[in-house]
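Chemist: Before I ask anything, let me first share the structure, which is written out below as structure tokens.
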Amino acid sequence: MNNKKMSNYLWYLLVILVAAPFLFPLLWIVLASFKTQSQIVTSPPLWIFTPTLENYKSVFVDQQFSKFLFNSSVIAIGSTVLSLIIGLPAAYTISRYKQKVLGVFILLARLMPGIAYLIPWFMLFTKLGMVDTYSALIASHMLVGLPFIVWVMVNYFDGLPHELVEAAQVDGCTLQGAFMKIVLPLSGPGILTASTLAFLFSWNNFMFSLVLSSERTKTLPIAIYNFVSYAEVSWGSVMAATVVIILPAIILTMIFQRYIIKGLTAGAVKG
Amino acid sequence: MTRFIERNIYWIFPLPAALFILSMMAFPVIYTMWISLTDWSMTSSGAAQFIGLQNYTNLFKDPRFYNSIKLTLYFTILAVGVETVLGVGIALILNRDFKGKNIVKGILLLPMVATPVAIGLAWTLFYEPTIGLGNYLLQLMGLPVSNWLASNTSVIPSLAIVDIWEWTPMVTLIVLAGLAALPNDPYEAAMVDGASQWQVFRYITLPLLSPTILVAVVLRGIDAFKTFDIIYTMTAGGPGFASETLNIYAYNLGFGYFKFGAASSALVALLALVLGSSLLVLWMRRSWDQ
């Protein structure tokens, strides 16, 4: 009895030891965001200190982070919604009619390094005068979100029984009607998974925004990167900015944890 | 109208997506290949000239190119290797039902969803030789301090550590899903036969798990190969060129020096490498299945 309890406690200790390294840096970032510059640079590190809000004030007031929050949100929501609109029907036919070639084609986009598209995109959007527009950024972010949505949804649709659609068709429903009225409502979990991940990937995107955005459409990752481009680095502000940018991701993760895990491991395990 | 849609849904449904991919992916890639055959650059006067394979000959003579391939391979193999071993190990530890399992899974997700640029900046502070936590922890453990990102020898491992921190959970979660899908029969048979824990692991778990582990390794390998955000943010390829992976090299050529022709040839080389390794893996998997 004692032995079993002991090994249980030890095992829980092991779990904590395993999980701690992944949590620790994030906790440190949050702590640092409430410190002053001198408090951050002291060594050994300060665990007990009076917190200050001046970093957050600097981030929102001096650095206009609300504008960047807005930009990132518009682009993330826009690219996710558009990717869903064109991706869901495509995923359905790929699953239903086994359109392997199209499927591979779309998935190829996941393989390719984003940088391979950047030069032509930059040229194209410059010619069209579309650099630093939401449209250009949304389109580029869609190239990351769309393949992912298709990947997740093809897997999901593969698991849906066709009888429901066939039954609806017998009742006089068109195939596209059945898709809208039966398949989609049943696909809630899959859509939730796919869109959460597509949103996150857009939110976190750096490379495309780096090249295609400028003052008007600057997104959060670029804004935070610009923090340290200047000589004097205010680490507190950087940490506060970090908290602001990863907070939506953390909240989404806590709410949709199950779906995110499903999405990230989709297709990895057979049966 | 609706009848038309229904009869042709086979191609109507996928059409927008296919067109989008064609215009945003296929044409740009083909166009990049075309540019790689010209000397187009923002600094040259006059229009771009067709110069055939000259960019490629320059590329293959450029030591920075070979350096970038070497560094890319070094980073990828180091990061993915450690992620695989750690990821599988952690999955094996966590593979039982316990209170708080969901909380642990949630914690594991956090490094993956946190914005890489921000994480990169935070780790830069962590790696700061004088004020950073990194050297403080090393000193606590009685180990010599390191220059982390500032030294040629430690920069790639330092970057790899960040990648490992970010993505080991991915391997763990995939392997956990795989473990959950394992059949019970072999284990029951092994228990009847009195097999030891190690034997069970070595002869049952590991073989059954290897397809899943392989998928995780491939997925991580592809993404690690393409790593850009953390490297660009933390070192921009430095110090010198000590962390200039192929990705960063191509980016520097294109958007640092604005030599689009040369950058495109580096990109085509990168694409060839990525496609080549993917095909290699697919071929290996096919022969594995037999």
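Each chain of the structure tokens is named A, B, ... in the order shown, its residues numbered from 1; ligands are numbered from 1 in display order.
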Write down, as a ChimeraX atom specification, each residue of chain B that has any atom within 7 Å of an atom of chain A, counting only C-alpha atoms.

Modeler: /B:6,10,13-14,16-17,21,25,28-29,31-32,104,106-108,110-111,113-118,122,131,136,165,174,177-178,212,215,222,226,229,267,271

Chemist: Quick one: residues within 10 Å of Asn58 (chain B), only C-alpha atoms, excluding same-chain residues fewer than 6 positions away - as a list in words?

Modeler: Phe65, Ala262 and Ser265 of chain B

Chemist: Could you jot down the CA of Leu73 (chain B) to CA of Ser151 (chain B) separation for me, Å, one decimal place?

Modeler: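 Pair CA of Leu73 (chain B) / CA of Ser151 (chain B) returns 18.8 Å.
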
Chemist: Skipping near chain neighbours, those fewer than 4 positions away, what residues fall within 7 Å of Tyr259 (chain A) using only C-alpha atoms, listed as a list of chain:residue names?

Modeler: A:Leu192, A:Thr193, A:Gly263

Chemist: Can you spit out the residues from that selection as a JSON list (two decimals), in the first residue's frame, using C-alpha atoms?

Modeler:
```json
[["chain", "number", "residue", "atom", "x", "y", "z"],
["A", 192, "LEU", "CA", -13.77, 23.88, -35.81],
["A", 193, "THR", "CA", -10.47, 22.02, -35.81],
["A", 263, "GLY", "CA", -6.08, 18.67, -36.23]]
```

Chemist: Identify all residues of region 133-282 of chain B in helix (DSSP H, G or I) (DSSP on the backbone) and supply them as a PyMOL selection string.

Modeler: chain B and resi 133-140+148-150+152-180+185-193+197-225+229-234+246-256+260-282

Chemist: For Leu71 (chain B), please output as a PDB file with C-alpha atoms, in the first residue's frame all residues within 9 Å (counting only C-alpha atoms; exclusion window: fewer than 5 positions along the same chain).

Modeler:
```pdb
ATOM      1  CA  TYR B  66      27.263  24.745 -49.652  1.00  0.00           C
ATOM      2  CA  THR B  76      17.234  19.678 -39.228  1.00  0.00           C
ATOM      3  CA  ILE B 156      22.991  26.050 -34.438  1.00  0.00           C
ATOM      4  CA  ALA B 242      27.179  30.520 -39.126  1.00  0.00           C
ATOM      5  CA  SER B 243      23.436  30.022 -39.026  1.00  0.00           C
ATOM      6  CA  GLU B 244      22.552  30.894 -42.597  1.00  0.00           C
ATOM      7  CA  THR B 245      20.404  27.985 -43.649  1.00  0.00           C
ATOM      8  CA  LEU B 246      19.301  27.613 -47.255  1.00  0.00           C
TER       9      LEU B 246
END
```

Chemist: Find the residues near Val162 (chain B): any atom within 12 Å, counting only C-alpha atoms, skip ones fewer than 2 places away on the same chain, and give them as a PyMOL selection string.

Modeler: (chain A and resi 21-22+25) or (chain B and resi 75+78-80+82-83+111-112+116-124+126-127+148-149+155-160+164-168+224+227+229-231+234)

Chemist: Save the residues we just selected, N, CA and C atoms, as a compact mmCIF listing (two decimals), in the first residue's frame?

Modeler:
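Result written to selection-v4.txt:
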```txt
# COMPACT_ATOMS: atom_id res chain seq x y z
N PRO A 21 9.44 22.10 -18.26
CA PRO A 21 10.26 22.87 -19.20
C PRO A 21 9.44 23.55 -20.29
N PHE A 22 8.28 22.96 -20.61
CA PHE A 22 7.50 23.56 -21.68
C PHE A 22 6.71 24.76 -21.18
N PRO A 25 9.38 28.69 -19.72
CA PRO A 25 9.70 29.92 -20.47
C PRO A 25 8.51 30.85 -20.60
N PHE B 75 21.04 21.53 -38.71
CA PHE B 75 19.94 21.99 -37.87
C PHE B 75 18.79 20.98 -37.89
N LEU B 78 19.69 17.55 -36.22
CA LEU B 78 19.84 17.71 -34.78
C LEU B 78 18.49 17.91 -34.11
N ALA B 79 17.73 18.88 -34.64
CA ALA B 79 16.44 19.21 -34.00
C ALA B 79 15.48 18.03 -34.06
N VAL B 80 15.29 17.47 -35.27
CA VAL B 80 14.31 16.40 -35.41
C VAL B 80 14.75 15.16 -34.65
N VAL B 82 16.54 14.93 -31.83
CA VAL B 82 16.25 15.07 -30.40
C VAL B 82 14.75 15.10 -30.15
N GLU B 83 14.01 15.80 -31.02
CA GLU B 83 12.56 15.86 -30.84
C GLU B 83 11.94 14.47 -30.88
N PRO B 111 3.77 25.62 -26.42
CA PRO B 111 4.92 26.03 -27.23
C PRO B 111 4.63 25.97 -28.72
N MET B 112 3.73 25.08 -29.13
CA MET B 112 3.46 24.93 -30.57
C MET B 112 2.63 26.07 -31.12
N PRO B 116 6.09 32.06 -33.21
CA PRO B 116 7.53 31.80 -33.23
C PRO B 116 8.38 33.06 -33.13
N VAL B 117 7.98 34.15 -33.78
CA VAL B 117 8.78 35.37 -33.72
C VAL B 117 8.92 35.85 -32.28
N ALA B 118 7.80 35.89 -31.58
CA ALA B 118 7.83 36.34 -30.19
C ALA B 118 8.66 35.41 -29.33
N ILE B 119 8.48 34.11 -29.56
CA ILE B 119 9.26 33.13 -28.80
C ILE B 119 10.74 33.33 -29.08
N GLY B 120 11.06 33.57 -30.36
CA GLY B 120 12.45 33.78 -30.73
C GLY B 120 13.05 34.96 -29.97
N LEU B 121 12.30 36.05 -29.89
CA LEU B 121 12.80 37.21 -29.17
C LEU B 121 13.00 36.90 -27.69
N ALA B 122 12.03 36.20 -27.11
CA ALA B 122 12.15 35.87 -25.69
C ALA B 122 13.37 34.99 -25.45
N TRP B 123 13.58 34.01 -26.31
CA TRP B 123 14.74 33.14 -26.14
C TRP B 123 16.04 33.91 -26.38
N THR B 124 15.98 34.95 -27.22
CA THR B 124 17.19 35.76 -27.41
C THR B 124 17.61 36.37 -26.09
N PHE B 126 16.84 35.12 -23.19
CA PHE B 126 17.26 33.98 -22.39
C PHE B 126 18.71 33.62 -22.67
N TYR B 127 19.09 33.77 -23.93
CA TYR B 127 20.43 33.39 -24.35
C TYR B 127 21.46 34.50 -24.17
N TRP B 148 26.14 30.95 -26.56
CA TRP B 148 24.87 30.68 -27.20
C TRP B 148 24.84 31.18 -28.64
N LEU B 149 24.08 32.24 -28.89
CA LEU B 149 23.86 32.66 -30.27
C LEU B 149 25.04 33.42 -30.85
N VAL B 155 25.81 28.29 -32.13
CA VAL B 155 24.60 28.96 -32.60
C VAL B 155 23.56 27.97 -33.12
N ILE B 156 23.98 27.00 -33.92
CA ILE B 156 22.99 26.05 -34.44
C ILE B 156 22.37 25.22 -33.31
N PRO B 157 23.19 24.66 -32.41
CA PRO B 157 22.55 23.95 -31.30
C PRO B 157 21.61 24.85 -30.49
N SER B 158 21.98 26.12 -30.29
CA SER B 158 21.10 27.01 -29.53
C SER B 158 19.77 27.18 -30.24
N LEU B 159 19.84 27.36 -31.57
CA LEU B 159 18.61 27.49 -32.33
C LEU B 159 17.82 26.19 -32.29
N ALA B 160 18.56 25.08 -32.36
CA ALA B 160 17.88 23.78 -32.34
C ALA B 160 17.13 23.59 -31.02
N ILE B 164 13.42 22.50 -30.60
CA ILE B 164 13.07 21.32 -29.81
C ILE B 164 12.02 21.67 -28.76
N TRP B 165 12.20 22.81 -28.11
CA TRP B 165 11.22 23.23 -27.11
C TRP B 165 9.85 23.42 -27.74
N GLU B 166 9.85 24.00 -28.94
CA GLU B 166 8.59 24.29 -29.60
C GLU B 166 7.87 23.05 -30.08
N TRP B 167 8.63 22.08 -30.65
CA TRP B 167 7.97 21.04 -31.42
C TRP B 167 8.04 19.63 -30.87
N THR B 168 8.81 19.40 -29.81
CA THR B 168 8.77 18.07 -29.19
C THR B 168 7.33 17.69 -28.84
N ALA B 224 11.02 21.47 -40.16
CA ALA B 224 12.31 21.93 -39.65
C ALA B 224 13.18 22.42 -40.79
N THR B 227 12.38 25.96 -41.58
CA THR B 227 12.42 26.91 -40.47
C THR B 227 12.96 28.26 -40.91
N ASP B 229 11.35 31.64 -39.27
CA ASP B 229 11.03 32.69 -38.30
C ASP B 229 12.05 32.80 -37.18
N ILE B 230 12.32 31.67 -36.49
CA ILE B 230 13.18 31.82 -35.33
C ILE B 230 14.61 32.15 -35.74
N ILE B 231 15.06 31.58 -36.84
CA ILE B 231 16.44 31.87 -37.24
C ILE B 231 16.57 33.34 -37.65
N MET B 234 16.30 35.53 -34.49
CA MET B 234 17.32 35.44 -33.46
C MET B 234 18.73 35.75 -33.98
```

Chemist: Neighbours of Lys57 (chain A) within 12 Å (only C-alpha atoms; same-chain residues fewer than 6 positions away dropped), as a ChimeraX atom specification?

Modeler: /A:33-34,63-66,236-237,240-241,244

Chemist: From the options B:Tyr74, B:Trp34, B:Phe201, B:Phe4, which residue's atoms come nearest to Val88 (chain B), counting only C-alpha atoms?

Modeler: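 So, comparing all the options, the nearest one is B:Phe201.
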
Chemist: So what do you get for CA of Val152 (chain A) versus CA of Lys101 (chain B), distance-wise?

Modeler: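 Straight-line distance from CA of Val152 (chain A) to CA of Lys101 (chain B) works out to 24.4 Å.
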